[in-house]
Each structure stands twice: as C-alpha cells, then as structure tokens.
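J.: Structure below; questions to follow.
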Amino acid sequence: MKTPSTFQKKVYDACRHIPCGKVVTYGQLAREINCGSARAVGQALRVNPFAPEVPCHRVIKSDRSLGGFYGHKSGPEIDRKRRLLEKEGVAFDTAGKVLKESGWEFSLAKGK
DNA sequence: ACCGTGACGGCGA
DNA sequence: TTCGCCGCCACGG
C-alpha cells in the first residue's frame, strides 16, 4: 500500500479526534488542519486506508447530506455509512439528511 | 511540469 | 428551496 502523504496524515489525525455520535463537515475538518479546500479533505478520506478505524464516516457535507463513502456518492456503501452513524446515535430525516448528533446537550446549542 | 479529476462549499439564478 | 457554475487544493497519469 502506498504511504499516506503528510497532508493525508493530518486529515486522518483530525478525523480520529471526532467523538462517537458526533459528525463534522468536510469544511470544518479542513479548517482544523488549516486547509482552504474541503475537496482536498474529501480526496484524502476517499483513499483512507484506515477506515473505519479512522472514523471517516462521521464526516459529512455542509448541507447535512452524507457525502460519500469508500469512493461512492450513493449505493450500498453510503447505506452502510448511514447505518454506522445511526448506531452511534445520529438521527436522519426522510431526505436522508443528518437531523441531529447523538442527542446530547450540543444538539440544543445547534439551534435548528 | 501540465492537465484532468474529485467523499466539497458558497453564491447567484 | 433546488440547481448550476465556479473556486478551492491535493494527487495521479
């Protein structure tokens, strides 16, 4: 397997810090590692050799849709991603969007 | 070194 | 509110 680039290591490291039942957007993750492109982050996660050891399934799009998983933007892979999150307590609406995270105190702070 | 691609994001129509 | 276009960065061929 190919050695992860420095950039990818930063992405995986930041991703690892995401607690159970919590989700983050690609953009937020990008800010964490001081990167101006959410796309670049997505590309790194796309080839993540440590999934799901590195919880890349907790990373979603800013519009609250799931984004992708294992290089797929839809299909069984995405379905699996959704269930992983549900198992961690993340709720979804009928449109398949993330409704709330774990149902903890910060779900209140999120407004919405 | 150049070019095309992609798990994204924001804004205008 | 949904759709499309353009800008953003990193990577592989």
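Residues in the structure tokens are named by chain (A, B, ... in the order shown) and by number from 1 within that chain; ligands are numbered from 1 in the order shown.
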Using only C-alpha atoms (C1' of nucleotides), what table do you get, as CSV, when you list each residue of chain C with an atom no more than 10 Å from chain A, its nearest pair of atoms, and their distance in Å rounded to one decimal, rows by chain then rising number?
T.:
```
residue,atom,partner,partner_atom,distance
C:DG7,C1',A:Ser37,CA,9.6
C:DC8,C1',A:Ser37,CA,5.1
C:DC9,C1',A:Ala40,CA,5.1
C:DA10,C1',A:Ala40,CA,5.4
C:DC11,C1',A:Gln43,CA,8.5
```
J.: With N, CA and C atoms (P, O5', C5', C4', C3', O3' and C1' of nucleotides) retained, write the just-selected residues as an mmCIF file, in the first residue's frame.
T.:
```
data_model
loop_
_atom_site.group_PDB
_atom_site.id
_atom_site.type_symbol
_atom_site.label_atom_id
_atom_site.label_comp_id
_atom_site.auth_asym_id
_atom_site.auth_seq_id
_atom_site.Cartn_x
_atom_site.Cartn_y
_atom_site.Cartn_z
ATOM 1 P P DG C 7 -14.031 30.950 -11.332
ATOM 2 O "O5'" DG C 7 -13.548 30.608 -9.847
ATOM 3 C "C5'" DG C 7 -14.135 31.319 -8.746
ATOM 4 C "C4'" DG C 7 -13.647 30.743 -7.437
ATOM 5 C "C3'" DG C 7 -12.151 30.412 -7.462
ATOM 6 O "O3'" DG C 7 -11.574 30.795 -6.213
ATOM 7 C "C1'" DG C 7 -13.387 28.456 -6.974
ATOM 8 P P DC C 8 -9.961 30.586 -6.031
ATOM 9 O "O5'" DC C 8 -9.825 29.295 -5.083
ATOM 10 C "C5'" DC C 8 -10.543 29.252 -3.865
ATOM 11 C "C4'" DC C 8 -10.402 27.903 -3.200
ATOM 12 C "C3'" DC C 8 -8.989 27.332 -3.341
ATOM 13 O "O3'" DC C 8 -8.285 27.359 -2.101
ATOM 14 C "C1'" DC C 8 -10.651 25.706 -3.975
ATOM 15 P P DC C 9 -6.666 27.427 -2.165
ATOM 16 O "O5'" DC C 9 -6.268 25.990 -1.594
ATOM 17 C "C5'" DC C 9 -7.067 24.924 -1.932
ATOM 18 C "C4'" DC C 9 -6.582 23.614 -1.424
ATOM 19 C "C3'" DC C 9 -5.106 23.286 -1.638
ATOM 20 O "O3'" DC C 9 -4.681 22.344 -0.669
ATOM 21 C "C1'" DC C 9 -6.452 22.006 -3.103
ATOM 22 P P DA C 10 -3.108 21.865 -0.739
ATOM 23 O "O5'" DA C 10 -3.209 20.345 -1.193
ATOM 24 C "C5'" DA C 10 -4.050 19.479 -0.449
ATOM 25 C "C4'" DA C 10 -4.144 18.103 -1.082
ATOM 26 C "C3'" DA C 10 -2.798 17.482 -1.453
ATOM 27 O "O3'" DA C 10 -2.867 16.092 -1.193
ATOM 28 C "C1'" DA C 10 -4.127 17.687 -3.390
ATOM 29 P P DC C 11 -1.645 15.126 -1.506
ATOM 30 O "O5'" DC C 11 -2.088 14.496 -2.902
ATOM 31 C "C5'" DC C 11 -3.371 13.906 -3.006
ATOM 32 C "C4'" DC C 11 -3.457 12.972 -4.193
ATOM 33 C "C3'" DC C 11 -2.151 12.314 -4.630
ATOM 34 O "O3'" DC C 11 -2.444 11.010 -5.082
ATOM 35 C "C1'" DC C 11 -2.970 13.662 -6.383
#
```
J.: Find the residues of chain B in contact range of chain A, meaning any atom within 9 Å when counting only C-alpha atoms (C1' of nucleotides), and list them as an MDAnalysis selection string.
T.: chainID B and resid 6:9
J.: Would you mind telling me which residue in A:Arg80, A:Ser65, A:Asn34, A:Ser74 lies nearest to Gly96 (chain A) when using only C-alpha atoms?
T.: A:Ser65
J.: Report the distance between CA of Lys100 (chain A) and CA of Leu85 (chain A) in Å, rounded to one decimal place.
T.: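 The value is 10.7 Å.
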J.: Where does DSSP see helix (DSSP H, G or I) in chain A, if you list the residues as a PyMOL selection string?
T.: chain A and resi 6-16+26-32+38-46+56-58+76-87+106-109
J.: Would you mind exporting C-alpha atoms of the selected residues as a PDB file, in the first residue's frame?
T.:
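Result went into result_2.pdb, see below:
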```
ATOM      1  CA  THR A   6       1.786  14.415   5.046  1.00  0.00           C
ATOM      2  CA  PHE A   7      -1.469  16.109   4.191  1.00  0.00           C
ATOM      3  CA  GLN A   8      -3.394  12.869   4.427  1.00  0.00           C
ATOM      4  CA  LYS A   9      -1.891  12.112   7.819  1.00  0.00           C
ATOM      5  CA  LYS A  10      -3.162  15.460   9.076  1.00  0.00           C
ATOM      6  CA  VAL A  11      -6.629  14.675   7.783  1.00  0.00           C
ATOM      7  CA  TYR A  12      -6.727  11.201   9.313  1.00  0.00           C
ATOM      8  CA  ASP A  13      -5.384  12.543  12.588  1.00  0.00           C
ATOM      9  CA  ALA A  14      -8.043  15.250  12.805  1.00  0.00           C
ATOM     10  CA  CYS A  15     -10.705  12.738  11.819  1.00  0.00           C
ATOM     11  CA  ARG A  16      -9.617  10.445  14.628  1.00  0.00           C
ATOM     12  CA  TYR A  26     -15.504  18.332   5.332  1.00  0.00           C
ATOM     13  CA  GLY A  27     -15.175  22.099   5.560  1.00  0.00           C
ATOM     14  CA  GLN A  28     -14.850  22.112   9.325  1.00  0.00           C
ATOM     15  CA  LEU A  29     -12.247  19.389   9.167  1.00  0.00           C
ATOM     16  CA  ALA A  30     -10.411  21.428   6.557  1.00  0.00           C
ATOM     17  CA  ARG A  31     -10.361  24.421   8.914  1.00  0.00           C
ATOM     18  CA  GLU A  32      -8.932  22.209  11.640  1.00  0.00           C
ATOM     19  CA  ALA A  38     -12.907  20.829   1.680  1.00  0.00           C
ATOM     20  CA  ARG A  39     -12.419  18.977  -1.580  1.00  0.00           C
ATOM     21  CA  ALA A  40      -8.832  18.199  -0.748  1.00  0.00           C
ATOM     22  CA  VAL A  41     -10.003  16.715   2.550  1.00  0.00           C
ATOM     23  CA  GLY A  42     -12.566  14.595   0.749  1.00  0.00           C
ATOM     24  CA  GLN A  43      -9.929  13.326  -1.596  1.00  0.00           C
ATOM     25  CA  ALA A  44      -7.755  12.291   1.331  1.00  0.00           C
ATOM     26  CA  LEU A  45     -10.604  10.465   3.062  1.00  0.00           C
ATOM     27  CA  ARG A  46     -11.551   8.876  -0.215  1.00  0.00           C
ATOM     28  CA  CYS A  56     -14.248   8.976   8.270  1.00  0.00           C
ATOM     29  CA  HIS A  57     -17.939   8.015   8.258  1.00  0.00           C
ATOM     30  CA  ARG A  58     -18.522  10.838  10.733  1.00  0.00           C
ATOM     31  CA  PRO A  76     -24.751   0.255  -0.659  1.00  0.00           C
ATOM     32  CA  GLU A  77     -21.574   1.909   0.598  1.00  0.00           C
ATOM     33  CA  ILE A  78     -23.479   5.027   1.556  1.00  0.00           C
ATOM     34  CA  ASP A  79     -26.206   2.914   3.094  1.00  0.00           C
ATOM     35  CA  ARG A  80     -23.598   1.334   5.330  1.00  0.00           C
ATOM     36  CA  LYS A  81     -22.286   4.747   6.295  1.00  0.00           C
ATOM     37  CA  ARG A  82     -25.763   5.822   7.325  1.00  0.00           C
ATOM     38  CA  ARG A  83     -26.273   2.799   9.499  1.00  0.00           C
ATOM     39  CA  LEU A  84     -22.911   3.252  11.183  1.00  0.00           C
ATOM     40  CA  LEU A  85     -23.958   6.740  12.196  1.00  0.00           C
ATOM     41  CA  GLU A  86     -27.401   5.648  13.342  1.00  0.00           C
ATOM     42  CA  LYS A  87     -25.728   3.034  15.500  1.00  0.00           C
ATOM     43  CA  PHE A 106     -24.961  20.445  21.971  1.00  0.00           C
ATOM     44  CA  SER A 107     -27.902  19.431  19.826  1.00  0.00           C
ATOM     45  CA  LEU A 108     -29.704  22.231  21.644  1.00  0.00           C
ATOM     46  CA  ALA A 109     -26.890  24.693  21.104  1.00  0.00           C
TER      47      ALA A 109
END
```
J.: Out of chain A, which residues get strand (DSSP E) from DSSP, as a list in words?
T.: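 These are the residues in question: Val24, Thr25, Val59, Ile60, Ala91, Phe92, Val98, Leu99 and Lys100 of chain A.
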J.: Could those residues be written to a file, using N, CA and C atoms, as a PDB file, in the first residue's frame?
T.:
```pdb
ATOM      1  N   VAL A  24     -18.940  15.858  11.645  1.00  0.00           N
ATOM      2  CA  VAL A  24     -18.301  17.099  11.248  1.00  0.00           C
ATOM      3  C   VAL A  24     -18.380  17.228   9.732  1.00  0.00           C
ATOM      4  N   THR A  25     -18.327  18.440   9.228  1.00  0.00           N
ATOM      5  CA  THR A  25     -18.379  18.610   7.784  1.00  0.00           C
ATOM      6  C   THR A  25     -16.951  18.606   7.235  1.00  0.00           C
ATOM      7  N   VAL A  59     -17.794  12.125   8.844  1.00  0.00           N
ATOM      8  CA  VAL A  59     -17.579  13.359   8.096  1.00  0.00           C
ATOM      9  C   VAL A  59     -18.641  13.475   7.008  1.00  0.00           C
ATOM     10  N   ILE A  60     -19.408  14.554   7.047  1.00  0.00           N
ATOM     11  CA  ILE A  60     -20.491  14.761   6.085  1.00  0.00           C
ATOM     12  C   ILE A  60     -20.370  16.102   5.369  1.00  0.00           C
ATOM     13  N   ALA A  91     -29.326  10.906  14.175  1.00  0.00           N
ATOM     14  CA  ALA A  91     -30.663  10.794  13.578  1.00  0.00           C
ATOM     15  C   ALA A  91     -30.731  11.426  12.194  1.00  0.00           C
ATOM     16  N   PHE A  92     -31.588  10.864  11.349  1.00  0.00           N
ATOM     17  CA  PHE A  92     -31.742  11.376   9.988  1.00  0.00           C
ATOM     18  C   PHE A  92     -33.195  11.716   9.689  1.00  0.00           C
ATOM     19  N   VAL A  98     -28.725  14.560   7.909  1.00  0.00           N
ATOM     20  CA  VAL A  98     -28.454  14.418   9.336  1.00  0.00           C
ATOM     21  C   VAL A  98     -29.337  15.390  10.100  1.00  0.00           C
ATOM     22  N   LEU A  99     -30.173  14.831  10.975  1.00  0.00           N
ATOM     23  CA  LEU A  99     -31.100  15.663  11.738  1.00  0.00           C
ATOM     24  C   LEU A  99     -30.425  16.189  12.994  1.00  0.00           C
ATOM     25  N   LYS A 100     -29.751  15.309  13.706  1.00  0.00           N
ATOM     26  CA  LYS A 100     -29.044  15.733  14.919  1.00  0.00           C
ATOM     27  C   LYS A 100     -27.984  14.710  15.284  1.00  0.00           C
TER      28      LYS A 100
END
```
